[in-house]
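Peer 1: Encoded as structure tokens, here's the structure I'll be asking about.
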Amino acid sequence: MTTAPTTSPDARTATGRSSAALIAAEKPVLAHNYHPLPVVISRAEGAWVEDVEGRRYLDMLAGYSALNFGHRHPALIEAAHRQLDALTLTSRAFHHDRLAQFAEGLADLTGLDMVLPMNTGAEAVESGIKLARKWAYEVKGVPADQATIVVAGGNFHGRTTTIISFSDDEDARAGFGPYTPGFRTVPYNDLAALEAALDDTTAAVLIEPIQGEAGVIIPDDGYLAGVRAATTRAGCLFIADEIQSGLGRTGTTLAVEHERVVPDVILLGKALGGGIVPVSAVVARREVMSVLGPGQHGSTFGGNPLAAAVGTAVIDLLATGEFQSRATDLGKVLNAGLTELLGHGVTAFRTRGLWAGIDIDPALGTGRTISERLMSEGILVKDTHGSTIRLAPPLTITEPELTTALASLRRVLG
């Protein structure tokens with residue numbers, strides 16, 4: 001059966017303007033740093049969103065994993081409402097009654113010791129970089145201002161000036177120099193190149209266990225364990241950016257768990273805020289995090305009561321193991337469905353849990369073209385890099401909904 005958009009009889013919008021009017025109204029007043037699909041969402045529930053005209057779409061992107069638990073998950077909404085009625089912000093100038101529970105829960109969930117709460121994923125990455133450098137100077141003994149961090153080609157860690165300095169995505173990088181020094185780039189999934197880049201100045205290796213923006217690029221078995229072994233031998237830190245891959249997406253709480261690897265530092269974000277508020281965190285071994293002292297790093301909103309309440313509710317959901325199991329089980333359905341499409345418009349694909357990068361035959365169109373065709377079928381996805389599209393549906397999606405999306409993909413591929 002098709003999932004062609006249908007119109008809800010009680011469709012409504014707060015502005016009274018149509019999708020076309022709202023899109024047109026954005027153009028003169030919003031920076032043009034995004035090129036979204038022409039859909040204007042006004043309501044959502046679970047895996048479904050609705051535009052201002054009442055057309056319904058199955059959300060197969062889930063906010064790049066920020067909506068792992070679906071739109072407006074009841075437990076998360078309840079936690080937010082409850083906290084909104086009590087306390088929303090204090091700044092870290094004072095203690096508040098939700099922070100300890102959040103930090104305890106996140107440390108326990110990740111198996112590490114200490115938590116540095118921030119807001120966005122890019123802030124978590126920036127914080128991880130600062131932490132690694134300070135650790136290198138104070139613990140490893142790297143001479144002042146000589147610390148280096150090894151990163152992987154094809155990475156995506158955010159769009160701040162420092163982060164784009166070690167990006168090879170020219171759309172993100174070009175025109176924003178001068179760039180921050182102190183980074184060495186090696187090919188992803190190449191242990192020999194990584195080991196050759198390590199020396200006495202190396203503070204850390206910073207990698208994504210799975211490269212999301214690059215098209216869900218999954219390294220060879222043993223790569224993450226090899227990174228762990230190499231960093232241990234070199235006396236530097238292993239920092240895993242789990243902002244997209246973590247918190248249930250791949251069938252485990254963290255993607256590094258597929259190789260039973262424990263990094264020194266884990267960066268989290270997106271799903272940690274439950275699709276309600278921006279919440280990110282750096283979680284690290286005590287020896288590493290303890291190099292930070294008062295006044296050396298901070299955030300007005302980092303670890304605020306509302307964020308801590310929602311983040312704690314997210315941790316409680318993950319503690320049951322339900323969502324990790326769903327990602328594993330539904331990931332098998334996703335993999336099987338994409339296998340059937342190989343040679344029928346799909347040239348290759350990569351899946352881990354409920355996450356997929358799908359390479360479309362360029363003769364059929366770009367990733368953007370395929371995304372627009374799927375939108376007309378009532379399915380929302382995101383393109384990346386030419387003819388590749390990504391699927392990262394909410395972990396609450398049902399098997400019939402997932403198979404419906406796969407059927408729609410088959411139709412648009414002809």
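Residues are named by chain letter and number: chains run A, B, ... in the order of the structure tokens, numbers start at 1 in each chain, and ligands are numbered from 1 in the order shown.
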Neighbours of A:Gly414 within 12 Å (only C-alpha atoms; same-chain residues fewer than 5 positions away dropped), as a PyMOL selection string?
Peer 2: chain A and resi 341+343-346+360-361+363-365+370+373-374+407-409
Peer 1: At a cut-off of 10 Å, using only C-alpha atoms, what residues contact A:Ala172? Leave out same-chain residues fewer than 6 positions from it and give the result as a ChimeraX atom specification.
Peer 2: /A:156,158-161,163-165
Peer 1: Write out as a ChimeraX atom specification which residues come within 10 Å of A:Tyr188 when counting only C-alpha atoms, dropping same-chain ones fewer than 2 positions away.
Peer 2: /A:151-155,185-186,190-191,193-194,207-211,217-219,223
Peer 1: From stretch 303-352 of chain A, collect each residue whose DSSP state is strand (DSSP E or B) and return the set as a ChimeraX atom specification.
Peer 2: /A:342,346-351
Peer 1: For the selection you just gave me, I'd like the residues written to a file as an mmCIF file, in the first residue's frame, keeping C-alpha atoms.
Peer 2:
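selection_34.cif, written as the output of this step:
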data_model
loop_
_atom_site.group_PDB
_atom_site.id
_atom_site.type_symbol
_atom_site.label_atom_id
_atom_site.label_comp_id
_atom_site.auth_asym_id
_atom_site.auth_seq_id
_atom_site.Cartn_x
_atom_site.Cartn_y
_atom_site.Cartn_z
ATOM 1 C CA LEU A 342 20.460 -4.220 -5.009
ATOM 2 C CA VAL A 346 20.487 0.585 -5.446
ATOM 3 C CA THR A 347 24.165 0.061 -6.249
ATOM 4 C CA ALA A 348 25.355 -0.430 -2.644
ATOM 5 C CA PHE A 349 24.239 0.151 0.912
ATOM 6 C CA ARG A 350 25.548 0.027 4.460
ATOM 7 C CA THR A 351 23.495 -0.678 7.573
#
Peer 1: Between stretch 154-267 of chain A and stretch 286-304 of chain A, at 10 Å or less, what are the per-residue closest atom pairs and their distances in Å? Count only C-alpha atoms, order by chain and rising residue number, and return it as a tab-separated table.
Peer 2:
residue	atom	partner	partner_atom	distance
A:Leu237	CA	A:Val288	CA	8.8
A:Asp264	CA	A:Val288	CA	7.7
A:Val265	CA	A:Val288	CA	8.1
Peer 1: Could the residues in this selection be written to a file with N, CA, C and O atoms, as a compact mmCIF listing (two decimals), in the first residue's frame?
Peer 2:
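For reference, out-v2.txt as written:
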# COMPACT_ATOMS: atom_id res chain seq x y z
N LEU A 237 44.76 9.76 24.07
CA LEU A 237 43.36 9.48 24.33
C LEU A 237 42.63 8.99 23.08
O LEU A 237 42.96 9.40 21.96
N ASP A 264 38.44 6.61 26.03
CA ASP A 264 38.74 7.44 27.19
C ASP A 264 37.72 8.56 27.34
O ASP A 264 37.44 9.02 28.44
N VAL A 265 37.19 9.00 26.19
CA VAL A 265 36.24 10.12 26.15
C VAL A 265 35.15 9.77 25.14
O VAL A 265 35.45 9.29 24.04
Peer 1: Please run DSSP on the backbone and report, as a PyMOL selection string, all residues within stretch 158-401 of chain A that come out as alpha helix (DSSP H).
Peer 2: chain A and resi 161-164+170-173+191-197+223-234+286-289+305-319+322-341+367-376+399-401
Peer 1: Quick one: contact table of stretch 269-332 of chain A to stretch 108-128 of chain A, 6 Å max, nearest atom pair and distance in Å to one decimal per residue, counting only C-alpha atoms, chain and number order, as a Markdown table?
Peer 2:
| residue | atom | partner | partner_atom | distance |
| --- | --- | --- | --- | --- |
| A:Gly269 | CA | A:Gly121 | CA | 5.0 |
| A:Pro278 | CA | A:Asn119 | CA | 5.1 |
| A:Val279 | CA | A:Asn119 | CA | 4.4 |
| A:Ser280 | CA | A:Asn119 | CA | 4.8 |
| A:Ala281 | CA | A:Pro117 | CA | 4.3 |
| A:Val282 | CA | A:Leu116 | CA | 5.0 |
| A:Val283 | CA | A:Val115 | CA | 4.6 |
| A:Ala284 | CA | A:Met114 | CA | 5.5 |
| A:Arg285 | CA | A:Asp113 | CA | 5.1 |
| A:Arg286 | CA | A:Asp113 | CA | 5.4 |
| A:Gly302 | CA | A:Met118 | CA | 4.1 |
| A:Gly303 | CA | A:Pro117 | CA | 5.0 |
Peer 1: For atom CA of A:Ile77 and atom CA of A:Ala313, quote the distance in Å rounded to one decimal.
Peer 2: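 One can read the atom CA of A:Ile77 to atom CA of A:Ala313 distance as 9.4 Å.
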Peer 1: Which residue gives the smallest distance to A:Thr339 among A:Leu406, A:Leu317, A:Ala136, A:Ile149, with only C-alpha atoms counted?
Peer 2: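 Nearest to A:Thr339: A:Leu406.
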Peer 1: Measure the distance from atom CA of A:Ala66 to atom CA of A:Ser245 in Å and round it to one decimal.
Peer 2: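 Between atom CA of A:Ala66 and atom CA of A:Ser245 the gap works out to 10.4 Å.
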Peer 1: Can you pull out every residue within 10 Å of A:Leu99, counting only C-alpha atoms, but drop anything in the same chain fewer than 6 positions away, and send it as a PyMOL selection string?
Peer 2: chain A and resi 92+105+117+303-309+311-312
Peer 1: Nearest to A:Ala196 among A:His157, A:Arg17, A:Arg184, A:Arg352, with distances taken over only C-alpha atoms: which residue is it?
Peer 2: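 Among the listed residues, A:Arg184 lies closest to A:Ala196.
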